[in-house]
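A short worksheet on the structure shown next.
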Amino acid sequence: METKRYEKCQATTADGLVLNFWRFCSPTPPQHSHPVMLLHGLASNNQTYDLQSDVSVADFFVAEGYDTFLVELRGSGGNKDARTCDCACNMRWCFDDHIQDCRAFLGEIFRMTGKPVHFVGHSMGAMLLQCIAGSEDAKYIRSGTSIGGSLFMEDSGWKSYLILWPVAKYLPLIHANWFQTAISPLSFRCNTFWDKFFFCQANVDTATARLMFKKNWEPMSTALLGQMRSAFDPAGLKSKNGDTCYADSLDSIRVPMLVVAGSKDKQMPPSGLEKLASRIPDCKYVVLGAEHGQEHDYGHFDLIVGRNARQDVWNRVASFLLENDSG
């Protein structure tokens with residue numbers, strides 16, 4: 001993260017893990033009632049929202065007058081070496097553990113501010129939002145914005161990598177970050193299938209894409225990946241033991257929700273987000289891309305750092321937050 005004025009905070013999970021998160025400071029008091037909490041996705045870290053100054057979503061919300069919190073899940077970034085009181089973090093964390101992480105962040109931010117948050121999640125971070133918004137912990141959420149993430153991944157391009165699972169499942173972690181760091185200088189020299197899996201080339205600055213590949217990758221727990229495979233089923237993501245189908249609680253969500261899809265997002269195609277939005281009462285759903293009035297199509301990370309993301313995505317999100325900030 002670039003040097004800037006923010007303070008490091010900590011939250012403790014139900015299983016005793018102490019996690020770091022960051023509160024961005026502003027020279028003036030917040031202008032809005034509720035804080036913003038930004039959550040990254042699978043194998044990512046806080047660089048998702050704070051890669052560099054011209055595409056920093058954290059800075060955007062600070063400038064908009066929000067008390068802004070940037071959180072990181074166990075195993076990522078500043079929490080890669082997170083420890084409980086007496087032992088190292090278990091390297092086989094799963095999605096259910098990340099729900100605990102979110103509960104800890106939400107509870108601590110509520111303790112600090114006395115207000116529920118505007119929860120903004122990207123990719124898996126959006127999936128975590130969807131689970132918590134349908135639970136008793138929804139009391140800590142003022143509004144929810146899901147960007148490029150859905151509990152339904154039937155059409156996801158990640159399914160093509162299932163062929164690797166018979167070998168990968170025997171590893172505690174997959175260090176894709178090593179691979180990404182090595183190839184980041186080559187990104188968009190040939191616009192490979194891997195580049196297209198993350199971005200629409202016309203909608204992202206090449207240097208920004210390379211920096212995202214270099215800085216925004218973390219090891220992936222195979223226990224997490226094993227659980228995420230259940231999202232490929234029509235019923236959607238399930239708990240690790242298979243007893244709970246998280247999508248079953250979507251119709252109980254009462255907090256205002258906005259779902260944003262990228263027209264050419266190969267990881268989280270619009271079909272999955274449309275299915276999600278249809279299950280959430282009074283949900284606002286939007287697809288961004290050339291056929292929907294935008295200059296360019298949107299891929300998975302263009303939704304965060306695309307050339308026009310500030311105009312197409314973040315101004316739209318800011319308007320939604322403002323509509324739901326009272327109370």
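Note on naming: chains are A, B, ... as they come in the structure tokens, residues start from 1 per chain, ligands start from 1 in the order shown.
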**OP:** Please identify which residues in range 86-301 of chain A DSSP calls strand (DSSP E or B) from the backbone, and express them as a ChimeraX atom specification.
**Re:** /A:88,117-122,141-147,173-174,220-221,238,245,257-262,284-288
**OP:** Would you mind listing what lies within 9 Å of Lys80 in chain A as a ChimeraX atom specification, with only C-alpha atoms counted and same-chain residues fewer than 5 positions away left out?
**Re:** /A:73-75,89,218-219
Subject >> Who sits within 8 Å of Phe105 in chain A, only C-alpha atoms, same chain under 6 positions skipped, as number ranges by chain >> reply: A: 11, 21, 71
Save the residues we just selected, N, CA and C atoms, as a PDB file, in the first residue's frame?
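Once everything was written out, this is out22.pdb:
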```pdb
ATOM      1  N   ALA A  11      -9.047  -6.639  14.586  1.00  0.00           N
ATOM      2  CA  ALA A  11     -10.281  -7.315  14.991  1.00  0.00           C
ATOM      3  C   ALA A  11      -9.945  -8.767  15.299  1.00  0.00           C
ATOM      4  N   PHE A  21      -6.761  -4.440   9.850  1.00  0.00           N
ATOM      5  CA  PHE A  21      -7.479  -3.716   8.815  1.00  0.00           C
ATOM      6  C   PHE A  21      -7.130  -2.247   8.950  1.00  0.00           C
ATOM      7  N   VAL A  71     -10.347  -3.763   4.524  1.00  0.00           N
ATOM      8  CA  VAL A  71     -10.116  -4.970   5.322  1.00  0.00           C
ATOM      9  C   VAL A  71      -9.458  -6.053   4.469  1.00  0.00           C
TER      10      VAL A  71
END
```
Original post:
Skipping near chain neighbours, those fewer than 5 positions away, what residues fall within 10 Å of Asp248 in chain A using only C-alpha atoms, listed as JSON, numbers by chain?
Top reply: {"A": [131, 134, 235, 236, 237, 238, 279]}
Could you save those same residues with C-alpha atoms as a PDB file, in the first residue's frame?
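As a result, selection_18.pdb now contains:
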```
ATOM      1  CA  CYS A 131     -24.026 -14.672   2.874  1.00  0.00           C
ATOM      2  CA  GLY A 134     -28.956 -12.952   4.794  1.00  0.00           C
ATOM      3  CA  ALA A 235     -28.045 -24.458  -6.186  1.00  0.00           C
ATOM      4  CA  GLY A 236     -25.014 -22.264  -5.477  1.00  0.00           C
ATOM      5  CA  LEU A 237     -22.301 -22.174  -2.823  1.00  0.00           C
ATOM      6  CA  LYS A 238     -22.618 -24.460   0.197  1.00  0.00           C
ATOM      7  CA  ARG A 279     -33.359 -13.955  -5.657  1.00  0.00           C
TER       8      ARG A 279
END
```
Original post:
Please, what distance in Å, to one decimal, runs between CA of Glu72 in chain A and CA of Lys159 in chain A?
Top reply: 25.6 Å
Subject >> Spatial neighbours of Leu151 in chain A, max dist 10 Å, only C-alpha atoms, sep filter under 2 positions, as a ChimeraX atom specification >> reply: /A:123-124,126-128,130-131,149,153-154,228,230-238,245-247,250,268,272-273,275-276
Subject >> Selection: 9 Å around Thr222 in chain A, only C-alpha atoms, excl. self and same-chain fewer than 5 positions, as a PyMOL selection string >> reply: chain A and resi 91-94+168-174+227
Based on the selection just made, write all heavy atoms of those residues as a compact mmCIF listing (two decimals), in the first residue's frame.
```txt
# COMPACT_ATOMS: atom_id res chain seq x y z
N MET A 91 -3.30 -23.24 7.63
CA MET A 91 -3.17 -22.98 6.21
C MET A 91 -4.33 -23.56 5.39
O MET A 91 -4.36 -23.38 4.17
CB MET A 91 -1.85 -23.54 5.69
CG MET A 91 -0.62 -22.79 6.17
SD MET A 91 -0.56 -21.07 5.56
CE MET A 91 -1.18 -20.14 6.96
N ARG A 92 -5.23 -24.26 6.02
CA ARG A 92 -6.37 -24.84 5.29
C ARG A 92 -7.67 -24.10 5.63
O ARG A 92 -8.69 -24.71 5.92
CB ARG A 92 -6.48 -26.33 5.60
CG ARG A 92 -5.33 -27.15 5.01
CD ARG A 92 -5.59 -28.64 5.12
NE ARG A 92 -4.55 -29.44 4.47
CZ ARG A 92 -4.53 -29.75 3.19
NH1 ARG A 92 -5.49 -29.32 2.39
NH2 ARG A 92 -3.56 -30.48 2.69
N TRP A 93 -7.60 -22.77 5.58
CA TRP A 93 -8.83 -22.01 5.83
C TRP A 93 -9.78 -22.17 4.65
O TRP A 93 -9.38 -22.46 3.53
CB TRP A 93 -8.50 -20.54 6.06
CG TRP A 93 -7.98 -19.82 4.86
CD1 TRP A 93 -8.72 -19.25 3.86
CD2 TRP A 93 -6.61 -19.61 4.50
NE1 TRP A 93 -7.92 -18.68 2.91
CE2 TRP A 93 -6.61 -18.89 3.27
CE3 TRP A 93 -5.39 -19.95 5.08
CZ2 TRP A 93 -5.44 -18.50 2.64
CZ3 TRP A 93 -4.22 -19.56 4.45
CH2 TRP A 93 -4.24 -18.86 3.24
N CYS A 94 -11.07 -21.95 4.93
CA CYS A 94 -12.10 -22.12 3.90
C CYS A 94 -13.01 -20.90 3.88
O CYS A 94 -12.81 -19.93 4.63
CB CYS A 94 -12.90 -23.39 4.15
SG CYS A 94 -13.85 -23.39 5.68
N ALA A 168 -4.17 -30.78 -7.29
CA ALA A 168 -4.11 -29.61 -6.42
C ALA A 168 -4.65 -29.88 -5.02
O ALA A 168 -4.17 -29.31 -4.04
CB ALA A 168 -4.88 -28.46 -7.06
N LYS A 169 -5.62 -30.77 -4.89
CA LYS A 169 -6.27 -30.99 -3.60
C LYS A 169 -5.33 -31.54 -2.54
O LYS A 169 -5.63 -31.47 -1.33
CB LYS A 169 -7.48 -31.91 -3.76
CG LYS A 169 -7.14 -33.34 -4.16
CD LYS A 169 -8.40 -34.16 -4.34
CE LYS A 169 -8.11 -35.60 -4.75
NZ LYS A 169 -9.36 -36.36 -4.93
N TYR A 170 -4.20 -32.07 -2.94
CA TYR A 170 -3.25 -32.62 -1.97
C TYR A 170 -2.28 -31.57 -1.44
O TYR A 170 -1.47 -31.86 -0.56
CB TYR A 170 -2.47 -33.77 -2.62
CG TYR A 170 -3.33 -34.98 -2.92
CD1 TYR A 170 -3.69 -35.28 -4.22
CD2 TYR A 170 -3.82 -35.78 -1.89
CE1 TYR A 170 -4.49 -36.38 -4.51
CE2 TYR A 170 -4.63 -36.87 -2.16
CZ TYR A 170 -4.96 -37.17 -3.47
OH TYR A 170 -5.77 -38.25 -3.74
N LEU A 171 -2.36 -30.36 -1.96
CA LEU A 171 -1.49 -29.28 -1.50
C LEU A 171 -2.24 -28.43 -0.48
O LEU A 171 -3.43 -28.18 -0.63
CB LEU A 171 -1.08 -28.40 -2.68
CG LEU A 171 -0.37 -29.08 -3.85
CD1 LEU A 171 -0.21 -28.10 -4.99
CD2 LEU A 171 0.97 -29.63 -3.41
N PRO A 172 -1.56 -27.95 0.57
CA PRO A 172 -2.25 -27.06 1.52
C PRO A 172 -2.53 -25.69 0.90
O PRO A 172 -3.57 -25.09 1.14
CB PRO A 172 -1.28 -26.95 2.69
CG PRO A 172 0.06 -27.27 2.10
CD PRO A 172 -0.19 -28.27 1.01
N LEU A 173 -1.58 -25.19 0.09
CA LEU A 173 -1.70 -23.88 -0.55
C LEU A 173 -1.27 -23.96 -2.00
O LEU A 173 -0.41 -24.77 -2.35
CB LEU A 173 -0.83 -22.84 0.16
CG LEU A 173 -1.16 -22.45 1.60
CD1 LEU A 173 -0.08 -21.51 2.13
CD2 LEU A 173 -2.52 -21.79 1.68
N ILE A 174 -1.86 -23.12 -2.82
CA ILE A 174 -1.42 -22.95 -4.20
C ILE A 174 -0.83 -21.55 -4.33
O ILE A 174 -1.53 -20.56 -4.11
CB ILE A 174 -2.57 -23.13 -5.20
CG1 ILE A 174 -3.10 -24.57 -5.13
CG2 ILE A 174 -2.11 -22.81 -6.61
CD1 ILE A 174 -4.30 -24.82 -6.00
N GLN A 227 -14.16 -25.89 -1.26
CA GLN A 227 -15.52 -25.45 -0.93
C GLN A 227 -16.11 -24.60 -2.05
O GLN A 227 -17.30 -24.73 -2.36
CB GLN A 227 -15.52 -24.64 0.37
CG GLN A 227 -16.92 -24.23 0.81
CD GLN A 227 -16.94 -23.48 2.13
OE1 GLN A 227 -15.92 -23.36 2.82
NE2 GLN A 227 -18.09 -22.98 2.51
```
Subject >> Selected residue, from A:Tyr6, A:Leu129, A:Trp314, A:Ser271, that lies nearest to Asp155 in chain A when counting only C-alpha atoms >> reply: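 Closest to Asp155 in chain A, using only C-alpha atoms: A:Ser271.
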**OP:** Considering only C-alpha atoms, return as number ranges by chain whatever protein or nucleic-acid residues lie within 10 Å of Asp67 in chain A, sequence-local ones (same chain, fewer than 4 positions apart) excluded.
**Re:** A: 23-26, 29-37, 58, 61-63, 113, 117
Subject >> Residue with smallest distance to Ser53 in chain A - pool A:Leu225, A:Val305, A:Val259, A:Ile163, counting only C-alpha atoms >> reply: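 Checking each candidate against Ser53 in chain A, we get A:Val305 as the closest.
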Original post:
With only C-alpha atoms as the basis for distance, which of A:Asp96, A:Asp302, A:Asp59, A:Asp137 is at the shortest distance from Phe198 in chain A?
Top reply: A:Asp302
Subject >> One-decimal distance in Å that lies between CA of Val204 in chain A and CA of Arg307 in chain A >> reply: 5.2 Å
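Nearest to Ser56 in chain A of all the residues A:Ile147, A:Ala277, A:Met212, A:Ala43 is A:Met212, based on only C-alpha atoms.
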**OP:** Name the closest residue to Gly41 in chain A among the candidates A:Arg210, A:Lys115, A:Lys264, A:His122; distances are taken between atoms, counting only C-alpha atoms.
**Re:**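 Among the listed residues, the smallest separation from Gly41 in chain A belongs to A:His122.
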**OP:** Go through A:Trp217, A:Phe152, A:Trp165, A:Trp22 and flag the residue nearest Glu108 in chain A, using only C-alpha atoms for the distances.
**Re:** A:Trp22
